[in-house]
>>> print(open('target30.pdb').read())   # PDB, C-alpha atoms, pLDDT in the B column
ATOM      1  CA  MET A  27      29.456  -3.634 -11.636  1.00 84.00           C
ATOM      2  CA  THR A  28      28.354  -5.804 -14.521  1.00 92.00           C
ATOM      3  CA  ALA A  29      24.971  -5.644 -16.192  1.00 90.00           C
ATOM      4  CA  GLY A  30      24.017  -9.044 -14.795  1.00 91.00           C
ATOM      5  CA  VAL A  31      24.704  -7.988 -11.215  1.00 93.00           C
ATOM      6  CA  ARG A  32      22.792  -4.732 -11.716  1.00 92.00           C
ATOM      7  CA  TYR A  33      19.822  -6.645 -13.115  1.00 92.00           C
ATOM      8  CA  ARG A  34      19.805  -9.083 -10.198  1.00 94.00           C
ATOM      9  CA  LEU A  35      19.979  -6.246  -7.669  1.00 94.00           C
ATOM     10  CA  SER A  36      17.104  -4.493  -9.428  1.00 93.00           C
ATOM     11  CA  VAL A  37      14.966  -7.628  -9.279  1.00 95.00           C
ATOM     12  CA  ALA A  38      15.866  -8.151  -5.615  1.00 96.00           C
ATOM     13  CA  SER A  39      14.967  -4.535  -4.847  1.00 96.00           C
ATOM     14  CA  ARG A  40      11.630  -4.944  -6.622  1.00 96.00           C
ATOM     15  CA  ALA A  41      10.946  -8.157  -4.708  1.00 97.00           C
ATOM     16  CA  VAL A  42      11.587  -6.409  -1.386  1.00 97.00           C
ATOM     17  CA  ALA A  43       9.446  -3.470  -2.505  1.00 97.00           C
ATOM     18  CA  ALA A  44       6.633  -5.796  -3.542  1.00 97.00           C
ATOM     19  CA  ILE A  45       6.682  -7.772  -0.307  1.00 97.00           C
ATOM     20  CA  ALA A  46       7.433  -5.111   2.312  1.00 97.00           C
ATOM     21  CA  GLY A  47       6.080  -2.037   0.549  1.00 97.00           C
ATOM     22  CA  GLY A  48       3.005  -3.828  -0.728  1.00 97.00           C
ATOM     23  CA  TYR A  49       2.260  -5.063   2.770  1.00 98.00           C
ATOM     24  CA  GLY A  50       2.665  -1.561   4.209  1.00 97.00           C
ATOM     25  CA  VAL A  51       0.371   0.031   1.630  1.00 98.00           C
ATOM     26  CA  ALA A  52      -2.200  -2.742   2.070  1.00 98.00           C
ATOM     27  CA  ALA A  53      -2.153  -2.364   5.852  1.00 98.00           C
ATOM     28  CA  LEU A  54      -2.551   1.405   5.624  1.00 98.00           C
ATOM     29  CA  SER A  55      -5.426   1.055   3.160  1.00 97.00           C
ATOM     30  CA  SER A  56      -7.131  -1.343   5.551  1.00 97.00           C
ATOM     31  CA  VAL A  57      -6.811   1.180   8.386  1.00 96.00           C
ATOM     32  CA  VAL A  58      -8.084   4.058   6.251  1.00 96.00           C
ATOM     33  CA  LEU A  59     -11.122   2.091   5.105  1.00 95.00           C
ATOM     34  CA  ALA A  60     -11.865   0.903   8.633  1.00 94.00           C
ATOM     35  CA  LEU A  61     -11.814   4.525   9.806  1.00 93.00           C
ATOM     36  CA  CYS A  62     -13.572   6.141   6.837  1.00 92.00           C
ATOM     37  CA  LEU A  63     -16.450   3.763   6.158  1.00 93.00           C
ATOM     38  CA  PRO A  64     -18.254   4.292   9.484  1.00 92.00           C
ATOM     39  CA  ALA A  65     -17.790   8.066   9.247  1.00 88.00           C
ATOM     40  CA  ILE A  66     -18.908   8.402   5.626  1.00 90.00           C
ATOM     41  CA  PHE A  67     -21.527   5.697   5.186  1.00 92.00           C
ATOM     42  CA  GLY A  68     -22.545   5.020   8.774  1.00 91.00           C
ATOM     43  CA  MET A  69     -21.397   1.421   8.460  1.00 93.00           C
ATOM     44  CA  ALA A  70     -20.934  -0.612  11.633  1.00 95.00           C
ATOM     45  CA  ARG A  71     -17.327  -0.570  12.830  1.00 93.00           C
ATOM     46  CA  SER A  72     -17.024  -4.361  12.684  1.00 95.00           C
ATOM     47  CA  GLU A  73     -18.285  -4.438   9.089  1.00 96.00           C
ATOM     48  CA  ALA A  74     -15.988  -1.577   8.119  1.00 95.00           C
ATOM     49  CA  THR A  75     -13.021  -3.400   9.608  1.00 95.00           C
ATOM     50  CA  MET A  76     -13.849  -6.572   7.698  1.00 97.00           C
ATOM     51  CA  THR A  77     -14.396  -4.631   4.475  1.00 97.00           C
ATOM     52  CA  GLY A  78     -11.062  -2.872   4.893  1.00 96.00           C
ATOM     53  CA  LEU A  79      -9.317  -6.168   5.587  1.00 97.00           C
ATOM     54  CA  LEU A  80     -10.795  -7.864   2.530  1.00 97.00           C
ATOM     55  CA  ALA A  81     -10.046  -4.871   0.301  1.00 97.00           C
ATOM     56  CA  SER A  82      -6.428  -4.879   1.475  1.00 97.00           C
ATOM     57  CA  PHE A  83      -5.856  -8.187  -0.343  1.00 98.00           C
ATOM     58  CA  ALA A  84      -6.743  -6.513  -3.640  1.00 98.00           C
ATOM     59  CA  VAL A  85      -4.579  -3.504  -2.765  1.00 98.00           C
ATOM     60  CA  PHE A  86      -1.630  -5.804  -2.010  1.00 98.00           C
ATOM     61  CA  ALA A  87      -2.058  -7.646  -5.321  1.00 98.00           C
ATOM     62  CA  PHE A  88      -2.260  -4.355  -7.209  1.00 97.00           C
ATOM     63  CA  ALA A  89       0.856  -3.026  -5.441  1.00 97.00           C
ATOM     64  CA  VAL A  90       2.839  -6.152  -6.323  1.00 97.00           C
ATOM     65  CA  MET A  91       1.792  -5.942  -9.977  1.00 97.00           C
ATOM     66  CA  TRP A  92       2.588  -2.240 -10.100  1.00 96.00           C
ATOM     67  CA  VAL A  93       6.061  -2.732  -8.598  1.00 97.00           C
ATOM     68  CA  PHE A  94       7.031  -5.147 -11.343  1.00 96.00           C
ATOM     69  CA  ALA A  95       5.382  -3.039 -14.048  1.00 96.00           C
ATOM     70  CA  ALA A  96       7.260   0.133 -13.069  1.00 96.00           C
ATOM     71  CA  ARG A  97      10.024   1.211 -15.413  1.00 94.00           C
ATOM     72  CA  THR A  98      12.723   1.204 -12.721  1.00 94.00           C
ATOM     73  CA  ALA A  99      13.065  -0.074  -9.183  1.00 94.00           C
ATOM     74  CA  SER A 100      13.438   3.472  -7.871  1.00 95.00           C
ATOM     75  CA  ARG A 101      10.123   4.444  -9.469  1.00 96.00           C
ATOM     76  CA  ALA A 102       8.516   1.442  -7.826  1.00 96.00           C
ATOM     77  CA  TRP A 103       9.843   2.492  -4.420  1.00 97.00           C
ATOM     78  CA  ALA A 104       8.792   6.117  -5.024  1.00 97.00           C
ATOM     79  CA  GLY A 105       5.282   5.079  -5.990  1.00 97.00           C
ATOM     80  CA  LEU A 106       4.891   2.919  -2.904  1.00 97.00           C
ATOM     81  CA  ALA A 107       6.263   5.701  -0.698  1.00 97.00           C
ATOM     82  CA  ALA A 108       3.835   8.218  -2.206  1.00 98.00           C
ATOM     83  CA  ALA A 109       0.866   5.892  -1.729  1.00 97.00           C
ATOM     84  CA  ALA A 110       1.936   5.136   1.850  1.00 98.00           C
ATOM     85  CA  ALA A 111       2.355   8.847   2.605  1.00 98.00           C
ATOM     86  CA  VAL A 112      -1.126   9.693   1.326  1.00 98.00           C
ATOM     87  CA  LEU A 113      -2.750   6.782   3.159  1.00 97.00           C
ATOM     88  CA  GLY A 114      -0.796   7.521   6.341  1.00 97.00           C
ATOM     89  CA  LEU A 115      -1.863  11.161   6.227  1.00 97.00           C
ATOM     90  CA  LEU A 116      -5.493  10.159   5.735  1.00 95.00           C
ATOM     91  CA  ALA A 117      -5.325   7.692   8.621  1.00 94.00           C
ATOM     92  CA  TRP A 118      -3.706  10.282  10.881  1.00 95.00           C
ATOM     93  CA  LEU A 119      -6.290  12.934   9.956  1.00 94.00           C
ATOM     94  CA  MET A 120      -9.194  10.561  10.566  1.00 90.00           C
ATOM     95  CA  HIS A 121      -7.742   9.518  13.901  1.00 88.00           C
ATOM     96  CA  ALA A 122      -6.873  13.050  14.984  1.00 89.00           C
ATOM     97  CA  THR A 123     -10.291  14.459  14.154  1.00 87.00           C
ATOM     98  CA  GLY A 124     -12.163  11.551  15.692  1.00 76.00           C
ATOM     99  CA  GLY A 125     -13.660  10.627  12.340  1.00 63.00           C
ATOM    100  CA  ALA A 126     -14.260   7.021  13.330  1.00 53.00           C
ATOM    101  CA  ALA A 127     -16.268   7.819  16.468  1.00 49.00           C
TER     102      ALA A 127
END
>>> encode(input="target30.pdb", output="structure tokens")
Amino acid sequence: MTAGVRYRLSVASRAVAAIAGGYGVAALSSVVLALCLPAIFGMARSEATMTGLLASFAVFAFAVMWVFAARTASRAWAGLAAAAAVLGLLAWLMHATGGAA
């Protein structure tokens, strides 16, 4: 495999990571904020949902920038997977313990 093909595959992998992985991390962050804000600050559920949704746009932008700033495409994927795992665990714990009630 030539260097040009490897470079193009790396850029394509980063693009997929930025689009799909960034969306996944942003969606999970929105869920975590929507569940945590009412439990921690006593915020109304509708306001917490809107705050989580608006914050997810910033999270998505940060994830996209981080993917293209990472040294390698595999590091970008690993970072997104780690962030998604932490956010998924937090969302599951909040849901399982009834933290949003």
>>> axis_aligned_box(input="target30.pdb", around="range 79-90 of chain A", padding_each_side="8 Å", output="AutoDock Vina command-line options")
--center_x -4.0 --center_y -5.6 --center_z -0.8 --size_x 29.6 --size_y 21.2 --size_z 28.8
>>> residues_near_point(input="target30.pdb", point="(12.8, -7.0, -3.7)", cutoff="12 Å", atoms="all atoms listed in the file", output="JSON, numbers by chain")
{"A": [33, 34, 35, 36, 37, 38, 39, 40, 41, 42, 43, 44, 45, 46, 47, 48, 90, 93, 94, 99, 100, 102, 103]}
>>> resolve_selection(input="target30.pdb", expression="the PyMOL selection byres ((chain A and resi 65) around 10)", output="PDB file with C-alpha atoms, in the coordinates of the input")
ATOM      1  CA  LEU A  59     -11.122   2.091   5.105  1.00 95.00           C
ATOM      2  CA  ALA A  60     -11.865   0.903   8.633  1.00 94.00           C
ATOM      3  CA  LEU A  61     -11.814   4.525   9.806  1.00 93.00           C
ATOM      4  CA  CYS A  62     -13.572   6.141   6.837  1.00 92.00           C
ATOM      5  CA  LEU A  63     -16.450   3.763   6.158  1.00 93.00           C
ATOM      6  CA  PRO A  64     -18.254   4.292   9.484  1.00 92.00           C
ATOM      7  CA  ILE A  66     -18.908   8.402   5.626  1.00 90.00           C
ATOM      8  CA  PHE A  67     -21.527   5.697   5.186  1.00 92.00           C
ATOM      9  CA  GLY A  68     -22.545   5.020   8.774  1.00 91.00           C
ATOM     10  CA  MET A  69     -21.397   1.421   8.460  1.00 93.00           C
ATOM     11  CA  ALA A  70     -20.934  -0.612  11.633  1.00 95.00           C
ATOM     12  CA  ARG A  71     -17.327  -0.570  12.830  1.00 93.00           C
ATOM     13  CA  ALA A  74     -15.988  -1.577   8.119  1.00 95.00           C
ATOM     14  CA  MET A 120      -9.194  10.561  10.566  1.00 90.00           C
ATOM     15  CA  GLY A 124     -12.163  11.551  15.692  1.00 76.00           C
ATOM     16  CA  GLY A 125     -13.660  10.627  12.340  1.00 63.00           C
ATOM     17  CA  ALA A 126     -14.260   7.021  13.330  1.00 53.00           C
ATOM     18  CA  ALA A 127     -16.268   7.819  16.468  1.00 49.00           C
TER      19      ALA A 127
END
>>> atom_distance(input="target30.pdb", atom1="CA of Val51 in chain A", atom2="CA of Arg32 in chain A")
26.5 Å
>>> resolve_selection(input="target30.pdb", expression="the PyMOL selection byres ((chain A and resi 113) around 8)", output="MDAnalysis selection string")
chainID A and resid 51 54:55 58 109:112 114:117
>>> write_last_selection(input="target30.pdb", atoms="C-alpha atoms", output="mmCIF file, in the frame of the given file")
data_model
loop_
_atom_site.group_PDB
_atom_site.id
_atom_site.type_symbol
_atom_site.label_atom_id
_atom_site.label_comp_id
_atom_site.auth_asym_id
_atom_site.auth_seq_id
_atom_site.Cartn_x
_atom_site.Cartn_y
_atom_site.Cartn_z
ATOM 1 C CA VAL A 51 0.371 0.031 1.630
ATOM 2 C CA LEU A 54 -2.551 1.405 5.624
ATOM 3 C CA SER A 55 -5.426 1.055 3.160
ATOM 4 C CA VAL A 58 -8.084 4.058 6.251
ATOM 5 C CA ALA A 109 0.866 5.892 -1.729
ATOM 6 C CA ALA A 110 1.936 5.136 1.850
ATOM 7 C CA ALA A 111 2.355 8.847 2.605
ATOM 8 C CA VAL A 112 -1.126 9.693 1.326
ATOM 9 C CA GLY A 114 -0.796 7.521 6.341
ATOM 10 C CA LEU A 115 -1.863 11.161 6.227
ATOM 11 C CA LEU A 116 -5.493 10.159 5.735
ATOM 12 C CA ALA A 117 -5.325 7.692 8.621
#
>>> atom_distance(input="target30.pdb", atom1="CA of Ser56 in chain A", atom2="CA of Ala95 in chain A")
23.3 Å
